Amino acid sequence: METIAPLWLWGVFVAFVLAALFVDFVLLKKQGAHEVGVKEALNWSMAWVAVSFVFNGLLWWAVRDTTGSTELANEKSLEFLTGYLIEKSLAVDNIFVFLLIFTYFAVPAAYQKRVLMIGIVGAIVLRTIMILVGGWLLAQFHWILYVFGAFLILTGVKMWWAAGKESDLNDNPALKLLRKLMPVSKEYDGEKFWTVENGKRIATPLLMVIAMVGLTDVIFAVDSIPAIFAITSDPFIVLTSNVFAILGLRAMFFLLQAAASRFHLLNYGLAVILVFIGSKMVLIDIYKIPVAVSLGVVIGILAVTMLWSSKTAPKT
């Protein structure tokens, strides 16, 4: 696995992530359990997007400084932006599943922030492992690109077919497995993951929610990570674009929670994006679609789908 990023940029990336986690787990923890409003979520969403663009600017500068090529710096910056946008757009579908999980388990609004904070840390660790393994596999076995591409196409078709249909967590195999593995109390015990009931230490519903959120994120990462590898083979760009998109997931969740009904057709757009990216991977040895074109297609699909959603949103 080769990357164009200099060693110091890896250090800057780690510093960004540690600073973000410090803000979430230390500074924001002082607020205590509380319901996150739309204004707070919007402000944090804009802040995370701004931080991501600042890092992309650093990436551009680092590549130009290292290689002396402005053209290559522009290309790598576009790769980061495209990967970031793909992960952000696919995260919307992830968020809708989180909403379903929170509704199913009747998670109090004041506790949802902590669940998402812990979920983000788990996502960063698991996705880092998956990206490094995926990058090594692609470097060793080129034909895996075709497997990933076919998988994304099938996933896109499946997502289109399932769009608009009600999901039922009762049929979720992961939930059935978790219920068999651990006894769960019927009531929440504040923000605790374990409680004592009849003299026995058992899990609270909040621990079940954490487990479901983690499993869901891994499932969605199987889609998003190959999609970003279709844009770039550089593991640094795949990792950083993925992680920066995840860091803003908590704020994005609370923002979309208030406007979920206005994006009721977005799954159709995400399905088309997956099919497009999968086709790009399958055709890579016949015709390599430029990164700028891929970015334009993704933005265009999202714009059309969101406009279509807003015009056909159910009136409340």
# chains A, B, ... in the order shown; residues from 1 in each chain; ligands from 1
>>> closest_atom_pairs(of="range 236-298 of chain A", to="range 76-100 of chain A", cutoff="6 Å", atoms="only C-alpha atoms", output="Markdown table")
| residue | atom | partner | partner_atom | distance |
| --- | --- | --- | --- | --- |
| A:Ile237 | CA | A:Phe80 | CA | 5.6 |
| A:Ser241 | CA | A:Tyr84 | CA | 4.6 |
| A:Ala245 | CA | A:Lys88 | CA | 5.6 |
| A:Phe253 | CA | A:Ile95 | CA | 5.9 |
| A:Leu295 | CA | A:Thr82 | CA | 5.2 |
>>> residues_around(residues="Glu187 in chain A", least_positions_apart="3", cutoff="10 Å", atoms="only C-alpha atoms", output="ChimeraX atom specification")
/A:184,190,195,204-206
>>> select_by_dssp(residues="range 7-213 of chain A", states="alpha helix (DSSP H)", output="PyMOL selection string")
chain A and resi 7-22+38-67+70-104+109-140+144-162+173-181+205-213
>>> closest_residue(among="A:Ser294, A:Asn267, A:Ser233, A:Ser185", to="Leu138 in chain A", atoms="only C-alpha atoms")
A:Ser233
>>> closest_atom_pairs(of="range 92-152 of chain A", to="range 13-22 of chain A", cutoff="10 Å", atoms="only C-alpha atoms", output="JSON lines")
{"residue": "A:Met117", "atom": "CA", "partner": "A:Leu21", "partner_atom": "CA", "distance": 8.6}
{"residue": "A:Ile118", "atom": "CA", "partner": "A:Leu21", "partner_atom": "CA", "distance": 10.0}
{"residue": "A:Ile120", "atom": "CA", "partner": "A:Leu21", "partner_atom": "CA", "distance": 9.2}
{"residue": "A:Val121", "atom": "CA", "partner": "A:Leu21", "partner_atom": "CA", "distance": 8.0}
{"residue": "A:Ile124", "atom": "CA", "partner": "A:Val17", "partner_atom": "CA", "distance": 9.4}
>>> residues_around(residues="Gly214 in chain A", least_positions_apart="6", cutoff="8 Å", atoms="only C-alpha atoms", output="list in words")
Gly119, Gly122 and Ala123 of chain A
>>> closest_residue(among="A:Gly296, A:Gly278, A:Gly11, A:Gly57", to="Ala227 in chain A", atoms="only C-alpha atoms")
A:Gly278
